[in-house]
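With mmCIF, C-alpha atoms inside, this is start.cif:
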data_work
#
loop_
_atom_site.group_PDB
_atom_site.id
_atom_site.type_symbol
_atom_site.label_atom_id
_atom_site.label_comp_id
_atom_site.auth_asym_id
_atom_site.auth_seq_id
_atom_site.Cartn_x
_atom_site.Cartn_y
_atom_site.Cartn_z
ATOM 1 C CA MET A 1 0.000 0.000 0.000
ATOM 2 C CA ASN A 2 1.052 3.514 -0.676
ATOM 3 C CA ALA A 3 2.821 4.975 2.334
ATOM 4 C CA GLU A 4 4.400 7.819 0.390
ATOM 5 C CA ARG A 5 4.008 11.278 1.804
ATOM 6 C CA VAL A 6 5.079 14.806 1.178
ATOM 7 C CA GLU A 7 7.695 16.414 3.428
ATOM 8 C CA TRP A 8 6.897 19.792 4.977
ATOM 9 C CA ASP A 9 10.011 21.481 3.615
ATOM 10 C CA ASP A 10 9.077 20.354 0.094
ATOM 11 C CA VAL A 11 5.592 21.888 0.222
ATOM 12 C CA ALA A 12 5.660 24.892 -2.124
ATOM 13 C CA GLU A 13 2.900 27.404 -2.684
ATOM 14 C CA GLY A 14 1.510 27.136 -6.195
ATOM 15 C CA ALA A 15 2.694 23.543 -6.694
ATOM 16 C CA ALA A 16 0.208 21.085 -8.138
ATOM 17 C CA ILE A 17 -0.592 17.860 -6.324
ATOM 18 C CA PRO A 18 -1.037 14.615 -8.303
ATOM 19 C CA THR A 19 -4.317 14.592 -10.198
ATOM 20 C CA VAL A 20 -6.965 11.973 -9.458
ATOM 21 C CA ILE A 21 -8.960 10.738 -12.464
ATOM 22 C CA ASP A 22 -11.916 8.438 -11.909
ATOM 23 C CA GLU A 23 -14.651 6.852 -14.005
ATOM 24 C CA ILE A 24 -17.971 7.201 -12.238
ATOM 25 C CA THR A 25 -19.929 4.277 -13.606
ATOM 26 C CA ALA A 26 -23.590 3.771 -12.723
ATOM 27 C CA ARG A 27 -22.426 0.778 -10.704
ATOM 28 C CA ARG A 28 -20.301 3.030 -8.500
ATOM 29 C CA VAL A 29 -23.065 5.603 -8.094
ATOM 30 C CA VAL A 30 -25.342 2.818 -6.884
ATOM 31 C CA GLN A 31 -22.649 1.573 -4.488
ATOM 32 C CA ASN A 32 -23.145 4.839 -2.672
ATOM 33 C CA PRO A 33 -26.523 4.284 -0.964
ATOM 34 C CA GLY A 34 -25.234 0.972 0.380
ATOM 35 C CA ALA A 35 -21.981 2.496 1.594
ATOM 36 C CA THR A 36 -23.423 5.691 3.072
ATOM 37 C CA GLY A 37 -27.068 4.857 3.817
ATOM 38 C CA ASP A 38 -28.282 7.747 1.635
ATOM 39 C CA TYR A 39 -31.217 6.386 -0.374
ATOM 40 C CA PHE A 40 -32.419 9.735 -1.727
ATOM 41 C CA PRO A 41 -33.907 8.628 -5.081
ATOM 42 C CA GLY A 42 -31.811 11.003 -7.222
ATOM 43 C CA HIS A 43 -28.893 8.676 -6.395
ATOM 44 C CA TRP A 44 -30.466 5.493 -7.771
ATOM 45 C CA ASP A 45 -33.702 6.207 -9.709
ATOM 46 C CA PRO A 46 -33.072 7.591 -13.243
ATOM 47 C CA ASP A 47 -36.717 8.651 -13.665
ATOM 48 C CA TYR A 48 -36.663 10.595 -10.423
ATOM 49 C CA ALA A 49 -33.353 12.239 -11.353
ATOM 50 C CA ARG A 50 -34.771 13.344 -14.737
ATOM 51 C CA ARG A 51 -37.903 14.759 -13.115
ATOM 52 C CA GLN A 52 -35.559 16.794 -10.902
ATOM 53 C CA GLY A 53 -34.018 18.266 -14.045
ATOM 54 C CA GLN A 54 -30.886 16.066 -13.858
ATOM 55 C CA ARG A 55 -29.618 14.150 -16.901
ATOM 56 C CA ALA A 56 -28.837 10.914 -15.027
ATOM 57 C CA ILE A 57 -28.535 9.533 -11.521
ATOM 58 C CA TYR A 58 -25.882 11.421 -9.616
ATOM 59 C CA ALA A 59 -23.526 10.702 -6.738
ATOM 60 C CA ASN A 60 -24.315 12.077 -3.311
ATOM 61 C CA SER A 61 -22.101 14.700 -1.706
ATOM 62 C CA LEU A 62 -20.266 12.174 0.450
ATOM 63 C CA HIS A 63 -18.964 10.337 -2.634
ATOM 64 C CA ILE A 64 -17.707 13.644 -4.054
ATOM 65 C CA PHE A 65 -16.117 14.562 -0.704
ATOM 66 C CA GLY A 66 -14.471 11.135 -0.557
ATOM 67 C CA LEU A 67 -12.783 11.706 -3.916
ATOM 68 C CA LEU A 68 -11.600 15.181 -2.883
ATOM 69 C CA ASP A 69 -10.180 13.780 0.368
ATOM 70 C CA ARG A 70 -8.536 10.889 -1.463
ATOM 71 C CA ALA A 71 -6.644 13.367 -3.657
ATOM 72 C CA VAL A 72 -5.482 15.293 -0.571
ATOM 73 C CA THR A 73 -4.372 12.393 1.614
ATOM 74 C CA ALA A 74 -2.826 10.417 -1.264
ATOM 75 C CA TRP A 75 -0.507 13.401 -1.628
ATOM 76 C CA ALA A 76 -0.068 14.321 2.041
ATOM 77 C CA GLY A 77 0.398 10.714 3.155
ATOM 78 C CA PRO A 78 -1.515 8.292 5.385
ATOM 79 C CA ARG A 79 -0.378 10.069 8.571
ATOM 80 C CA SER A 80 -1.916 13.351 7.458
ATOM 81 C CA PHE A 81 -5.190 14.527 9.006
ATOM 82 C CA LEU A 82 -7.855 16.482 7.128
ATOM 83 C CA VAL A 83 -8.644 19.536 9.260
ATOM 84 C CA ARG A 84 -11.180 21.296 7.077
ATOM 85 C CA ARG A 85 -12.995 20.840 3.776
ATOM 86 C CA ASN A 86 -15.008 23.785 2.461
ATOM 87 C CA VAL A 87 -16.840 22.675 -0.679
ATOM 88 C CA ARG A 88 -19.021 24.557 -3.110
ATOM 89 C CA LEU A 89 -21.082 22.143 -5.212
ATOM 90 C CA VAL A 90 -21.566 23.655 -8.661
ATOM 91 C CA SER A 91 -23.092 20.813 -10.660
ATOM 92 C CA SER A 92 -23.694 17.106 -10.231
ATOM 93 C CA MET A 93 -21.336 14.141 -10.649
ATOM 94 C CA TYR A 94 -23.357 11.884 -12.945
ATOM 95 C CA ALA A 95 -23.239 8.200 -13.690
ATOM 96 C CA GLY A 96 -21.130 7.938 -16.843
ATOM 97 C CA ASP A 97 -18.867 10.877 -16.016
ATOM 98 C CA THR A 98 -15.092 10.706 -15.944
ATOM 99 C CA VAL A 99 -13.998 13.163 -13.288
ATOM 100 C CA THR A 100 -10.676 14.821 -12.583
ATOM 101 C CA VAL A 101 -9.636 16.235 -9.226
ATOM 102 C CA ALA A 102 -6.838 18.770 -9.569
ATOM 103 C CA GLY A 103 -5.243 20.556 -6.629
ATOM 104 C CA VAL A 104 -2.816 23.390 -6.025
ATOM 105 C CA VAL A 105 -1.067 24.375 -2.793
ATOM 106 C CA ALA A 106 -2.609 27.701 -1.745
ATOM 107 C CA GLY A 107 -0.281 28.143 1.213
ATOM 108 C CA LYS A 108 1.267 26.575 4.299
ATOM 109 C CA ARG A 109 1.339 27.773 7.899
ATOM 110 C CA VAL A 110 2.130 26.614 11.424
ATOM 111 C CA GLU A 111 -0.652 27.089 13.961
ATOM 112 C CA ASN A 112 -0.485 25.799 17.557
ATOM 113 C CA ASP A 113 2.591 23.769 16.560
ATOM 114 C CA GLU A 114 0.602 22.107 13.766
ATOM 115 C CA GLN A 115 1.894 22.099 10.195
ATOM 116 C CA LEU A 116 -1.078 23.006 8.006
ATOM 117 C CA VAL A 117 -1.332 23.098 4.217
ATOM 118 C CA ASP A 118 -4.217 24.784 2.386
ATOM 119 C CA LEU A 119 -5.139 23.304 -0.980
ATOM 120 C CA ASP A 120 -7.446 24.629 -3.671
ATOM 121 C CA LEU A 121 -9.154 21.697 -5.365
ATOM 122 C CA THR A 122 -11.326 21.614 -8.465
ATOM 123 C CA MET A 123 -13.327 18.641 -9.695
ATOM 124 C CA THR A 124 -14.294 18.727 -13.365
ATOM 125 C CA ASN A 125 -16.027 16.281 -15.677
ATOM 126 C CA GLN A 126 -15.040 15.007 -19.151
ATOM 127 C CA ASP A 127 -16.422 18.208 -20.752
ATOM 128 C CA GLY A 128 -14.362 20.434 -18.464
ATOM 129 C CA ALA A 129 -17.441 21.528 -16.528
ATOM 130 C CA VAL A 130 -16.782 22.242 -12.870
ATOM 131 C CA ILE A 131 -18.556 19.848 -10.490
ATOM 132 C CA CYS A 132 -17.212 21.419 -7.316
ATOM 133 C CA THR A 133 -14.413 23.418 -5.786
ATOM 134 C CA SER A 134 -12.938 23.046 -2.327
ATOM 135 C CA ARG A 135 -10.506 24.774 -0.034
ATOM 136 C CA SER A 136 -9.189 21.834 1.965
ATOM 137 C CA THR A 137 -6.739 22.070 4.852
ATOM 138 C CA VAL A 138 -4.569 19.125 5.877
ATOM 139 C CA ARG A 139 -2.249 18.658 8.847
ATOM 140 C CA ILE A 140 1.103 17.141 7.997
ATOM 141 C CA PRO A 141 3.013 15.382 10.767
ATOM 142 C CA ALA A 142 6.521 16.422 11.681
ATOM 143 C CA ALA A 143 9.258 14.314 10.159
ATOM 144 C CA VAL A 144 9.711 10.997 11.955
ATOM 145 C CA GLN A 145 13.026 10.857 13.863
ATOM 146 C CA SER A 146 14.759 7.619 13.025
ATOM 147 C CA MET B 1 -48.439 16.724 0.245
ATOM 148 C CA THR B 2 -49.237 13.435 1.908
ATOM 149 C CA GLU B 3 -46.527 10.959 2.713
ATOM 150 C CA SER B 4 -47.749 8.513 0.064
ATOM 151 C CA GLU B 5 -47.177 11.119 -2.655
ATOM 152 C CA ASP B 6 -43.656 11.823 -1.469
ATOM 153 C CA GLU B 7 -41.241 10.171 -3.902
ATOM 154 C CA THR B 8 -38.172 10.943 -1.857
ATOM 155 C CA GLY B 9 -39.163 8.579 0.930
ATOM 156 C CA TYR B 10 -37.921 11.244 3.302
ATOM 157 C CA ALA B 11 -41.360 12.881 3.550
ATOM 158 C CA LEU B 12 -40.094 16.400 2.923
ATOM 159 C CA PRO B 13 -42.589 18.560 4.798
ATOM 160 C CA ILE B 14 -44.323 21.261 2.767
ATOM 161 C CA GLY B 15 -44.821 24.691 4.321
ATOM 162 C CA THR B 16 -44.082 28.371 4.028
ATOM 163 C CA VAL B 17 -40.834 30.271 4.499
ATOM 164 C CA GLY B 18 -42.363 31.549 7.738
ATOM 165 C CA ASP B 19 -42.856 27.987 8.960
ATOM 166 C CA ALA B 20 -39.212 27.236 8.148
ATOM 167 C CA ARG B 21 -37.836 30.371 9.776
ATOM 168 C CA ALA B 22 -39.749 29.609 12.979
ATOM 169 C CA MET B 23 -37.305 26.673 13.415
ATOM 170 C CA VAL B 24 -34.162 28.831 13.167
ATOM 171 C CA GLY B 25 -31.915 28.792 16.218
ATOM 172 C CA LYS B 26 -33.348 25.758 17.980
ATOM 173 C CA ARG B 27 -30.799 23.001 18.444
ATOM 174 C CA THR B 28 -32.039 19.408 18.372
ATOM 175 C CA PRO B 29 -31.247 17.129 21.318
ATOM 176 C CA PRO B 30 -28.371 14.721 20.593
ATOM 177 C CA ARG B 31 -29.338 11.792 18.399
ATOM 178 C CA TRP B 32 -27.147 8.703 18.720
ATOM 179 C CA ALA B 33 -26.026 6.535 15.834
ATOM 180 C CA ASP B 34 -27.883 3.236 15.466
ATOM 181 C CA ALA B 35 -24.564 1.392 15.614
ATOM 182 C CA GLU B 36 -20.845 1.849 16.144
ATOM 183 C CA VAL B 37 -18.439 2.879 13.416
ATOM 184 C CA SER B 38 -17.622 -0.322 11.546
ATOM 185 C CA TRP B 39 -14.667 -1.398 9.435
ATOM 186 C CA SER B 40 -17.030 -3.187 7.059
ATOM 187 C CA ARG B 41 -18.819 0.038 6.111
ATOM 188 C CA ILE B 42 -15.467 1.835 5.841
ATOM 189 C CA GLN B 43 -14.352 -0.802 3.346
ATOM 190 C CA GLN B 44 -17.607 -0.401 1.381
ATOM 191 C CA PHE B 45 -17.034 3.342 1.163
ATOM 192 C CA CYS B 46 -13.368 3.105 0.186
ATOM 193 C CA ALA B 47 -14.238 0.438 -2.385
ATOM 194 C CA MET B 48 -16.465 3.097 -3.951
ATOM 195 C CA THR B 49 -13.955 5.960 -3.810
ATOM 196 C CA HIS B 50 -10.993 3.649 -4.616
ATOM 197 C CA ASP B 51 -9.127 5.098 -1.636
ATOM 198 C CA GLY B 52 -6.204 2.850 -0.684
ATOM 199 C CA ASN B 53 -5.071 4.858 2.355
ATOM 200 C CA PRO B 54 -3.721 2.219 4.831
ATOM 201 C CA SER B 55 -5.437 4.116 7.660
ATOM 202 C CA TYR B 56 -8.636 2.517 6.316
ATOM 203 C CA TRP B 57 -7.278 -0.876 5.253
ATOM 204 C CA ASP B 58 -4.214 -1.930 7.248
ATOM 205 C CA PRO B 59 -4.936 -2.671 10.952
ATOM 206 C CA ASP B 60 -1.259 -2.687 11.918
ATOM 207 C CA PHE B 61 -0.490 0.634 10.286
ATOM 208 C CA ALA B 62 -3.723 2.184 11.588
ATOM 209 C CA ALA B 63 -3.109 0.945 15.151
ATOM 210 C CA GLU B 64 0.329 2.510 15.175
ATOM 211 C CA ALA B 65 -0.704 5.753 13.472
ATOM 212 C CA TRP B 66 -4.183 6.369 14.933
ATOM 213 C CA GLY B 67 -4.912 3.760 17.589
ATOM 214 C CA GLY B 68 -7.041 1.737 15.173
ATOM 215 C CA ILE B 69 -8.720 1.782 11.778
ATOM 216 C CA VAL B 70 -10.241 5.242 11.256
ATOM 217 C CA SER B 71 -13.296 6.455 9.403
ATOM 218 C CA PRO B 72 -12.614 8.445 6.228
ATOM 219 C CA PRO B 73 -13.554 12.074 6.952
ATOM 220 C CA ALA B 74 -16.208 11.984 4.216
ATOM 221 C CA MET B 75 -18.047 9.271 6.171
ATOM 222 C CA VAL B 76 -18.744 11.272 9.327
ATOM 223 C CA GLU B 77 -22.345 11.947 8.242
ATOM 224 C CA THR B 78 -22.777 8.330 7.175
ATOM 225 C CA TRP B 79 -22.721 7.103 10.768
ATOM 226 C CA LEU B 80 -25.836 9.151 11.553
ATOM 227 C CA MET B 81 -27.712 8.381 8.337
ATOM 228 C CA PRO B 82 -31.240 7.220 9.216
ATOM 229 C CA LEU B 83 -31.955 3.547 8.574
ATOM 230 C CA GLU B 84 -34.409 2.681 5.801
ATOM 231 C CA TRP B 85 -36.330 0.526 8.272
ATOM 232 C CA SER B 86 -36.051 -0.614 11.838
ATOM 233 C CA PRO B 87 -38.391 -2.360 14.274
ATOM 234 C CA TRP B 88 -39.062 1.098 15.713
ATOM 235 C CA SER B 89 -39.616 3.015 12.506
ATOM 236 C CA ALA B 90 -41.064 1.810 9.203
ATOM 237 C CA THR B 91 -39.659 4.803 7.279
ATOM 238 C CA PRO B 92 -36.364 6.694 7.544
ATOM 239 C CA GLN B 93 -36.395 9.366 10.235
ATOM 240 C CA PRO B 94 -34.824 12.235 8.338
ATOM 241 C CA ARG B 95 -32.099 14.514 9.599
ATOM 242 C CA LEU B 96 -32.921 18.166 10.255
ATOM 243 C CA PRO B 97 -32.161 19.490 6.742
ATOM 244 C CA ALA B 98 -34.972 17.260 5.402
ATOM 245 C CA ARG B 99 -37.406 18.230 8.163
ATOM 246 C CA VAL B 100 -37.711 21.926 7.331
ATOM 247 C CA PRO B 101 -41.157 22.889 5.957
ATOM 248 C CA LEU B 102 -40.845 24.779 2.644
ATOM 249 C CA PRO B 103 -42.812 25.007 -0.641
ATOM 250 C CA GLY B 104 -40.328 22.995 -2.751
ATOM 251 C CA PRO B 105 -40.906 19.228 -3.016
ATOM 252 C CA SER B 106 -37.312 18.548 -4.113
ATOM 253 C CA MET B 107 -33.859 19.139 -2.643
ATOM 254 C CA ILE B 108 -30.217 19.113 -3.700
ATOM 255 C CA ASN B 109 -27.042 19.892 -1.793
ATOM 256 C CA GLY B 110 -25.291 23.228 -2.389
ATOM 257 C CA SER B 111 -22.260 23.645 -0.154
ATOM 258 C CA SER B 112 -20.625 22.048 2.830
ATOM 259 C CA ASP B 113 -17.954 23.393 5.159
ATOM 260 C CA THR B 114 -16.654 20.791 7.600
ATOM 261 C CA THR B 115 -14.099 21.192 10.362
ATOM 262 C CA PHE B 116 -12.606 17.943 11.676
ATOM 263 C CA ARG B 117 -11.407 17.995 15.310
ATOM 264 C CA ARG B 118 -10.315 14.398 15.997
ATOM 265 C CA PRO B 119 -10.081 11.019 14.278
ATOM 266 C CA VAL B 120 -13.127 8.719 14.374
ATOM 267 C CA ARG B 121 -12.165 5.098 15.053
ATOM 268 C CA VAL B 122 -13.876 1.767 14.519
ATOM 269 C CA GLY B 123 -15.987 1.103 17.618
ATOM 270 C CA ASP B 124 -16.788 4.771 18.300
ATOM 271 C CA ARG B 125 -20.480 5.551 18.564
ATOM 272 C CA LEU B 126 -21.277 9.041 17.336
ATOM 273 C CA SER B 127 -24.064 11.456 18.142
ATOM 274 C CA VAL B 128 -25.233 14.546 16.298
ATOM 275 C CA GLU B 129 -26.914 17.774 17.342
ATOM 276 C CA GLU B 130 -28.392 19.885 14.568
ATOM 277 C CA GLU B 131 -29.493 23.482 14.239
ATOM 278 C CA LEU B 132 -31.194 25.431 11.466
ATOM 279 C CA LEU B 133 -29.066 28.547 10.915
ATOM 280 C CA SER B 134 -30.918 30.348 8.123
ATOM 281 C CA VAL B 135 -33.478 30.101 5.324
ATOM 282 C CA SER B 136 -32.956 32.322 2.275
ATOM 283 C CA ASP B 137 -35.546 34.331 0.385
ATOM 284 C CA LEU B 138 -36.856 32.741 -2.844
ATOM 285 C CA LYS B 139 -34.002 32.296 -5.367
ATOM 286 C CA GLN B 140 -33.956 31.213 -9.007
ATOM 287 C CA THR B 141 -31.410 28.602 -10.156
ATOM 288 C CA ARG B 142 -31.049 26.452 -13.283
ATOM 289 C CA LEU B 143 -33.025 23.701 -11.504
ATOM 290 C CA GLY B 144 -35.962 25.871 -10.464
ATOM 291 C CA ALA B 145 -37.070 28.333 -7.815
ATOM 292 C CA GLY B 146 -36.513 27.645 -4.149
ATOM 293 C CA HIS B 147 -34.853 28.431 -0.857
ATOM 294 C CA PHE B 148 -31.360 27.787 0.487
ATOM 295 C CA VAL B 149 -31.388 26.067 3.873
ATOM 296 C CA GLU B 150 -28.290 26.445 6.036
ATOM 297 C CA THR B 151 -27.756 23.996 8.909
ATOM 298 C CA LEU B 152 -25.066 23.233 11.472
ATOM 299 C CA SER B 153 -24.450 19.643 12.600
ATOM 300 C CA VAL B 154 -22.113 18.917 15.517
ATOM 301 C CA PHE B 155 -20.838 15.333 15.712
ATOM 302 C CA ARG B 156 -19.428 13.909 18.965
ATOM 303 C CA ASN B 157 -17.861 10.599 19.931
ATOM 304 C CA SER B 158 -18.786 8.344 22.871
ATOM 305 C CA ASP B 159 -16.672 10.494 25.203
ATOM 306 C CA GLY B 160 -18.642 13.611 24.241
ATOM 307 C CA ASP B 161 -15.704 15.142 22.374
ATOM 308 C CA VAL B 162 -16.559 17.004 19.172
ATOM 309 C CA VAL B 163 -15.170 15.107 16.176
ATOM 310 C CA ALA B 164 -16.605 17.265 13.372
ATOM 311 C CA GLU B 165 -18.783 20.291 12.702
ATOM 312 C CA VAL B 166 -20.614 20.510 9.387
ATOM 313 C CA ARG B 167 -22.117 23.713 8.027
ATOM 314 C CA ASN B 168 -24.276 22.680 5.100
ATOM 315 C CA THR B 169 -26.430 24.589 2.638
ATOM 316 C CA LEU B 170 -28.975 22.733 0.538
ATOM 317 C CA PHE B 171 -31.507 23.981 -2.002
ATOM 318 C CA ARG B 172 -35.188 23.162 -1.557
ATOM 319 C CA PHE B 173 -36.880 23.778 -4.868
ATOM 320 C CA THR B 174 -39.746 23.180 -7.266
ATOM 321 C CA PRO B 175 -38.220 21.584 -10.403
ATOM 322 C CA GLY B 176 -38.503 23.831 -13.456
ATOM 323 C CA ALA B 177 -40.428 26.534 -11.615
ATOM 324 C CA ASP B 178 -39.736 30.217 -12.243
ATOM 325 C CA GLY B 179 -39.170 32.478 -9.261
#
Whole structure given in structure tokens:
Amino acid sequence: MNAERVEWDDVAEGAAIPTVIDEITARRVVQNPGATGDYFPGHWDPDYARRQGQRAIYANSLHIFGLLDRAVTAWAGPRSFLVRRNVRLVSSMYAGDTVTVAGVVAGKRVENDEQLVDLDLTMTNQDGAVICTSRSTVRIPAAVQS
Amino acid sequence: MTESEDETGYALPIGTVGDARAMVGKRTPPRWADAEVSWSRIQQFCAMTHDGNPSYWDPDFAAEAWGGIVSPPAMVETWLMPLEWSPWSATPQPRLPARVPLPGPSMINGSSDTTFRRPVRVGDRLSVEEELLSVSDLKQTRLGAGHFVETLSVFRNSDGDVVAEVRNTLFRFTPGADG
């Protein structure tokens, strides 16, 4: 398993973090109610979704948040701790979409002896349309003394 | 709207903006999760997001790093999601954001600002207190006309320590309707 992580001294404002690209099949959208307990019909009933004005069933917010967090902690390492995630949902993540999560370091700071990195994340679909943006803040542990 | 006509299954109550605003500022009593945080559900979630973080998969790593397998941050609301059925309730008992009376029969999430205070581990049992912060005037969006509903949810662990605070805004709307 991936135990890579970024080192504090290497965190540079403006640097991009590795992009996450994911195919959101209908199968994965339907995994969501089982995994999260959210059976709102827009997440599994295509007719309901269309009546809502949506083009297909769409993932719930927690699935979207999970992909944003995956991009952050895959970069920051498994010992990092997500401190804050401030998301604006712009459009839906639909079954059939291929989504990309891109992130840029907005800044780093030390607060109460904690090393914090702010990231600006954008999730887009295959047409380049923005699904959501997030300012996420992650705590990076001090280097392990060996 | 009667419950039988409600397609969402969450029985979104219909009412006026005044009805909704009368609920602002009242915090619900703590509601406890139906069950403890479980590794099985964590695996289900990470199998969906394809998240291979060993904090969710590797008990030895997680024990050393966190004191046990932890819940992905995006799952904090999952642990308080109402069950579809239980011996005590034939229908899901919705969380506060779905209990606000408004004209729109439909809802969709708009924004979410979460602060995480501590890790949530397998075996923790969480509770949530919720509060309606604000209800907007009627707004027009591409989906229809409706109201933005802002709520605060405070999640605590078995020790009473706050693990996360979620400020959420959802849109309650009438599909296709003009403001």
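The part of chain B that reaches within 6 Å of chain A is made up of B:Thr8, B:Gln44, B:Phe45, B:Met48, B:Thr49, B:Asp51, B:Asn53, B:Ala74, B:Thr78, B:Met81, B:Gly110, B:Ser111, B:Ser112, B:Asp113, B:Thr114, B:Thr115, B:Phe116, B:Pro175, counting only C-alpha atoms.
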Practice task
Step by step, work through what the PyMOL selection byres ((chain A and resi 116-122) around 8) selects in the shown file, and finish by giving those residues as a list of chain:residue names.
Solution key: A:Leu68, A:Thr100, A:Val101, A:Ala102, A:Gly103, A:Val104, A:Val105, A:Ala106, A:Gly107, A:Lys108, A:Arg109, A:Val110, A:Glu111, A:Glu114, A:Gln115, A:Met123, A:Thr124, A:Val130, A:Ile131, A:Cys132, A:Thr133, A:Ser134, A:Arg135, A:Ser136, A:Thr137, A:Val138, A:Arg139, A:Ile140
Filtering to C-alpha atoms, could you give me those residues as a short mmCIF file (atom, residue, chain, number, x, y, z; two decimals), in the frame of the given file?
data_model
loop_
_atom_site.label_atom_id
_atom_site.label_comp_id
_atom_site.auth_asym_id
_atom_site.auth_seq_id
_atom_site.Cartn_x
_atom_site.Cartn_y
_atom_site.Cartn_z
CA LEU A 68 -11.60 15.18 -2.88
CA THR A 100 -10.68 14.82 -12.58
CA VAL A 101 -9.64 16.24 -9.23
CA ALA A 102 -6.84 18.77 -9.57
CA GLY A 103 -5.24 20.56 -6.63
CA VAL A 104 -2.82 23.39 -6.02
CA VAL A 105 -1.07 24.38 -2.79
CA ALA A 106 -2.61 27.70 -1.74
CA GLY A 107 -0.28 28.14 1.21
CA LYS A 108 1.27 26.58 4.30
CA ARG A 109 1.34 27.77 7.90
CA VAL A 110 2.13 26.61 11.42
CA GLU A 111 -0.65 27.09 13.96
CA GLU A 114 0.60 22.11 13.77
CA GLN A 115 1.89 22.10 10.20
CA MET A 123 -13.33 18.64 -9.70
CA THR A 124 -14.29 18.73 -13.36
CA VAL A 130 -16.78 22.24 -12.87
CA ILE A 131 -18.56 19.85 -10.49
CA CYS A 132 -17.21 21.42 -7.32
CA THR A 133 -14.41 23.42 -5.79
CA SER A 134 -12.94 23.05 -2.33
CA ARG A 135 -10.51 24.77 -0.03
CA SER A 136 -9.19 21.83 1.96
CA THR A 137 -6.74 22.07 4.85
CA VAL A 138 -4.57 19.12 5.88
CA ARG A 139 -2.25 18.66 8.85
CA ILE A 140 1.10 17.14 8.00
#
Handout entry: Residues within 7 Å of Phe148 (chain B), only C-alpha atoms, excluding chain neighbours under 4 positions, as a PyMOL selection string
Key = chain B and resi 135-136+169-172
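When the PyMOL selection byres ((chain B and resi 35) around 10) is evaluated on the file shown here, the picked residues come out as Trp32, Ala33, Asp34, Glu36, Val37, Ser38, Trp79, Leu80, Gly123, Asp124, Arg125 and Leu126 of chain B.
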Exercise for the section: Evaluate the PyMOL selection byres ((chain B and resi 163) around 12) on the structure here and hand back the selected residues as a PyMOL selection string. Expected result: (chain A and resi 82-84) or (chain B and resi 71+73+75-77+114-121+124-128+153-162+164-166)
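When CA of Asn168 (chain B) is paired with CA of Met93 (chain A), their separation reads 18.2 Å.
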Near-Val100 (chain B) list (12 Å; all atoms listed in the file; drop same-chain fewer than 6 positions) as an mmCIF file with C-alpha atoms, keeping the file's coordinate frame:
data_model
loop_
_atom_site.group_PDB
_atom_site.id
_atom_site.type_symbol
_atom_site.label_atom_id
_atom_site.label_comp_id
_atom_site.auth_asym_id
_atom_site.auth_seq_id
_atom_site.Cartn_x
_atom_site.Cartn_y
_atom_site.Cartn_z
ATOM 1 C CA TYR B 10 -37.921 11.244 3.302
ATOM 2 C CA ALA B 11 -41.360 12.881 3.550
ATOM 3 C CA LEU B 12 -40.094 16.400 2.923
ATOM 4 C CA PRO B 13 -42.589 18.560 4.798
ATOM 5 C CA ILE B 14 -44.323 21.261 2.767
ATOM 6 C CA GLY B 15 -44.821 24.691 4.321
ATOM 7 C CA THR B 16 -44.082 28.371 4.028
ATOM 8 C CA VAL B 17 -40.834 30.271 4.499
ATOM 9 C CA GLY B 18 -42.363 31.549 7.738
ATOM 10 C CA ASP B 19 -42.856 27.987 8.960
ATOM 11 C CA ALA B 20 -39.212 27.236 8.148
ATOM 12 C CA ARG B 21 -37.836 30.371 9.776
ATOM 13 C CA ALA B 22 -39.749 29.609 12.979
ATOM 14 C CA MET B 23 -37.305 26.673 13.415
ATOM 15 C CA VAL B 24 -34.162 28.831 13.167
ATOM 16 C CA PRO B 94 -34.824 12.235 8.338
ATOM 17 C CA SER B 106 -37.312 18.548 -4.113
ATOM 18 C CA MET B 107 -33.859 19.139 -2.643
ATOM 19 C CA GLU B 130 -28.392 19.885 14.568
ATOM 20 C CA GLU B 131 -29.493 23.482 14.239
ATOM 21 C CA LEU B 132 -31.194 25.431 11.466
ATOM 22 C CA LEU B 133 -29.066 28.547 10.915
ATOM 23 C CA SER B 134 -30.918 30.348 8.123
ATOM 24 C CA VAL B 135 -33.478 30.101 5.324
ATOM 25 C CA HIS B 147 -34.853 28.431 -0.857
ATOM 26 C CA PHE B 148 -31.360 27.787 0.487
ATOM 27 C CA VAL B 149 -31.388 26.067 3.873
ATOM 28 C CA GLU B 150 -28.290 26.445 6.036
ATOM 29 C CA THR B 151 -27.756 23.996 8.909
ATOM 30 C CA LEU B 170 -28.975 22.733 0.538
ATOM 31 C CA PHE B 171 -31.507 23.981 -2.002
ATOM 32 C CA ARG B 172 -35.188 23.162 -1.557
#
Size and centre in Å, one decimal, axis-aligned box, all listed region 157-173 of chain B atoms plus 8 Å per side, as lines of an AutoDock Vina configuration file:
center_x = -26.0
center_y = 16.5
center_z = 10.2
size_x = 37.7
size_y = 32.2
size_z = 46.1
Problem - Pick from B:Gln140, B:Trp66, B:His50, B:Ala145 nearest to Val20 (chain A), counting only C-alpha atoms - result: B:His50
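Separating CA of Gly25 (chain B) from CA of Pro101 (chain B) is a distance of 15.0 Å.
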Exercise for the section: Figure out the distance between CA of Gly68 (chain B) and CA of Ile17 (chain A), please, to one decimal in Å. Expected result: 27.6 Å
